[in-house]
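This report refers to the structure that appears directly beneath it.
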Amino acid sequence: MEDNGEEKLLAVARHIAKTLGHNETMADDILQIFSNFDGRFSREKLSDNIGDDHDHHEDHPRVSVAALELTLKSLDRQISRYLEAGHPIWADSADSAAFLDTIDELIATIREWTLVSRQKAVGACLVRAQDLMQQAMFRAEDEFRSLMESGGESFELSRDYRNGESTGNLSFDSEDDEEGDIGNGVDNEIPVAHPITDYEIVIDALPSGTIKDLHEIAKRMVAAGFGKECSHVYSSCRREFLEESLSRLGLQKLSTEEVHKMPWPDLEDEIERWIKAVNVSLRILFPSERRLCDRVFVGLSSAADLSFMEVCRGSTIQLLNFADAVAIRSRSPERLFRVLDVFENLKDLMPEFESVFSDQYCLVLRNEAITIWKRLGEAIRAILMELENLIRRDPAKAPVPGGGLHPITRYVMNYLRAACRSRRSLEQVFDENVVPPPPPSKLNNNRGGSSSSSLSVQMAWIMELLESNLEAKSKIYKDSALSYLFMMNNGRYIVHKVKDSELGLLLGDDWIRKHTAKVRQCHANYQRSSWNKVLGVLKLENGSQAANVVASTMKDRIKLFNTSFEEICDVQSGWVVYDDQMREELRISVVKLLLPAYGSFIGRLRNVPELRKHVERHIKFGAEEIEARINGLFQGNTGSAGRRT
């Protein structure tokens, strides 16, 4: 019995030396102390099999349990001291180091005894050890949260949201900038100041020392199996920072229904704020959060990825949900440009989505961004289809006074010019999702450009619809000359708007030449229908006639000319030609057409003997007066119908 008791005592001494000795030299020193204290603890006896833990635990189970209980009591006593402390452990570096060492020892103890023994008594001890670990982790979690919340209190940042300047250079006053970082942020503050053009900015929202302390705690919590709890605490603190950041950028949390009910001018303002917020988030805030996660959870990639996803998920979904609500709102044509803004910003930010949300946890966010971006493309196509419907539905009611520009022409052409400033985006929208082309008969009549892209087909089809609509409207005019002038005005305007814009690249030179020829044909038709009758009056037959018949005929002809010419000038002086150059060309062409024939007629009139004495009484207009009256044509002032815009 005495031998058995002595053996137990030696086993406990060996275990104490093994447990407290962090390396072989320290264990030897502890054994030497025991040997000097009591002769029974001879150096030879204590050294025997001290390194063979498996054999020791299996050969002496009761001793093993006793040693484990002794270790747990010691650890419980140390951990309880920290659990009962009324002040933050990390307020004192010595306390924090000791606390971490105690957790390390508890983790090592649980691992060691879990591996080497399956005894029921040891199992009960391990349950106690796990309970002790849970208490330690609760305190570690509190310390982690405290460090997260207080870590940024020493950071001051300036921000300025005046005049809508929501994206800006970030200025900081930092007490800890050991690594030469650009700046440091603050929890619950979004660092925003003056407008910026360079997004190459990184925010360190916590001092380097705090990040190191957080990493030490995170490392222990992950090792103890509390990685998710650590990630949750981390993400809840940083998530508040991001949500406050978006709020400071002026972005509201809006449901889809609220977006749909919002008046369009208000929604336009909200889109402006969204554009600033999404750029700051993807280019500055999210990369900075990624960097912070990687520093806090360095070597713990799974915990870093999970934490980052939980931090950014809410803000990312808020940004994407707003874009989605814009995409599925009503399809009014005037909303194209704001939808394009949202589409292009998401398109430009796709590389950031790919790089920032590259891990497995963030895959769902990356895919959602792509889905909503494509949905915006569908919205753009639907809006342009609504433009087609608008053109079709525009009725041919009252004619435009003076044959000037029709409002639908100005609206559609200025609309398409503005839209084609985003030609590359529109090409992407239509080429990736090919829209069925119009019927071949329509397309063959309309498509004069060399480009075969889906967007070119779409633009050519819209132009065809516009031209057909204008042709229907031209038939309202009772005067065929005015009908041709109307088509000439609108055709010239269309060609002009196409030639000096991206539309010209889409429709092609062939289309421009074809429609320029149509304008010239309208010009010729106008002259024929308006002035041929007058020219016919001035033409005389060359056959021999009696002198008195010639005189009578000439008198009738000059009288009819005077009347017809005056009527035409009176009427057409109120007609409209919006383009200064085209107006001058028209006047010159009429002068060149009319003056030679009129001069020839007057010459013959003066040579009629019966009329020679009183010939001036029949000549109402001289050549200069004819030219002056023609130069007075197309002076109509009918408001916006005659103005070029």
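By order in the structure tokens, chains are A, B, ...; within a chain, residues start at 1; ligands start at 1, following the order shown.
Residues in contact with segment 371-379 of chain A at up to 8 Å, not including ones fewer than 4 positions away on its chain and judged by only C-alpha atoms, are Leu320, Ala323, Asp324, Val326, Ala327, Ile328, Arg331, Val339, Leu340, Val342, Phe343, Leu346, Lys347, Asn367, Ile383 and Val429 of chain A.
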Practice item. List the neighbours of Glu143 of chain A out to 10 Å using only C-alpha atoms; skip same-chain residues closer than 3 positions along the sequence, and give me the result as a list in words. Key: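 Counting only the stated atoms, we get Pro88, Ile89, Trp90, Ala91, Ser96, Met137, Phe138, Arg139, Ala140, Ser146, Leu147, Met148, Glu149, Asp213, Leu214 and Ile217 of chain A.
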**Study point:** d(atom CA of Ala129 of chain A, atom CA of Val233 of chain A) in Å
**Key:**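 Separation of atom CA of Ala129 of chain A and atom CA of Val233 of chain A: 23.6 Å.
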Point to revise | Surrounding residues of Met488 of chain A excluding itself and chain neighbours under 5 positions, 7 Å, only C-alpha atoms, as a ChimeraX atom specification | key: /A:519,522-523
How about saving the chosen residues, N, CA and C atoms kept, as a JSON list (two decimals), in the first residue's frame?
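Just written: out.json:
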```json
[["chain", "number", "residue", "atom", "x", "y", "z"],
["A", 519, "VAL", "N", -34.44, 64.00, -98.86],
["A", 519, "VAL", "CA", -34.68, 65.42, -98.61],
["A", 519, "VAL", "C", -34.60, 66.20, -99.92],
["A", 522, "CYS", "N", -37.74, 65.71, -101.85],
["A", 522, "CYS", "CA", -38.83, 66.54, -101.30],
["A", 522, "CYS", "C", -38.69, 67.98, -101.78],
["A", 523, "HIS", "N", -37.46, 68.45, -101.87],
["A", 523, "HIS", "CA", -37.18, 69.80, -102.38],
["A", 523, "HIS", "C", -37.70, 69.92, -103.83]]
```
Check your understanding: Skipping near chain neighbours, those fewer than 2 positions away, what residues fall within 8 Å of Ser453 of chain A using only C-alpha atoms, listed as an MDAnalysis selection string?
Key -> chainID A and resid 427 431 451 455:457
Exercise for review: Using only C-alpha atoms, pick whichever of A:Arg423, A:Val298, A:Phe634, A:Gln458 has the shortest atom-to-atom distance to Glu584 of chain A.
Suggested key: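 Going through A:Arg423, A:Val298, A:Phe634, A:Gln458 one by one, the smallest distance to Glu584 of chain A is for A:Phe634.
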Exercise for review: Mind checking which residues fall within 9 Å of Val296 of chain A, counting only C-alpha atoms, ignoring those fewer than 4 positions away in the same chain, and posting them as a PyMOL selection string?
Suggested key: chain A and resi 211-216+218+291-292+300+304
Grab the residues selected above and save them as a tab-separated table (two decimals), in the first residue's frame with N, CA, C and O atoms.
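The resulting out-v6.tsv:
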```tsv
chain	number	residue	atom	x	y	z
A	211	ILE	N	-5.80	45.95	-33.64
A	211	ILE	CA	-5.94	44.84	-34.60
A	211	ILE	C	-5.15	43.62	-34.13
A	211	ILE	O	-5.62	42.48	-34.20
A	212	LYS	N	-3.96	43.87	-33.60
A	212	LYS	CA	-3.14	42.75	-33.10
A	212	LYS	C	-3.81	42.07	-31.91
A	212	LYS	O	-3.83	40.83	-31.81
A	213	ASP	N	-4.38	42.87	-31.00
A	213	ASP	CA	-5.08	42.29	-29.85
A	213	ASP	C	-6.29	41.48	-30.30
A	213	ASP	O	-6.54	40.37	-29.80
A	214	LEU	N	-7.04	42.01	-31.26
A	214	LEU	CA	-8.20	41.29	-31.78
A	214	LEU	C	-7.78	39.97	-32.42
A	214	LEU	O	-8.46	38.95	-32.28
A	215	HIS	N	-6.67	40.01	-33.13
A	215	HIS	CA	-6.19	38.79	-33.77
A	215	HIS	C	-5.85	37.72	-32.73
A	215	HIS	O	-6.18	36.53	-32.91
A	216	GLU	N	-5.21	38.12	-31.63
A	216	GLU	CA	-4.85	37.15	-30.59
A	216	GLU	C	-6.09	36.51	-29.99
A	216	GLU	O	-6.12	35.30	-29.73
A	218	ALA	N	-9.10	36.31	-31.50
A	218	ALA	CA	-9.74	35.52	-32.56
A	218	ALA	C	-9.05	34.17	-32.73
A	218	ALA	O	-9.70	33.14	-32.92
A	291	ARG	N	-9.68	44.19	-46.07
A	291	ARG	CA	-8.31	44.29	-45.55
A	291	ARG	C	-8.30	44.16	-44.02
A	291	ARG	O	-7.44	43.48	-43.45
A	292	LEU	N	-9.26	44.80	-43.37
A	292	LEU	CA	-9.34	44.72	-41.92
A	292	LEU	C	-9.63	43.29	-41.48
A	292	LEU	O	-9.01	42.78	-40.53
A	300	LEU	N	-6.49	32.66	-40.53
A	300	LEU	CA	-7.79	32.03	-40.25
A	300	LEU	C	-8.73	32.37	-41.41
A	300	LEU	O	-9.70	33.10	-41.27
A	304	ALA	N	-12.14	34.66	-41.65
A	304	ALA	CA	-12.05	35.97	-42.31
A	304	ALA	C	-13.11	36.10	-43.40
A	304	ALA	O	-13.79	37.13	-43.50
```
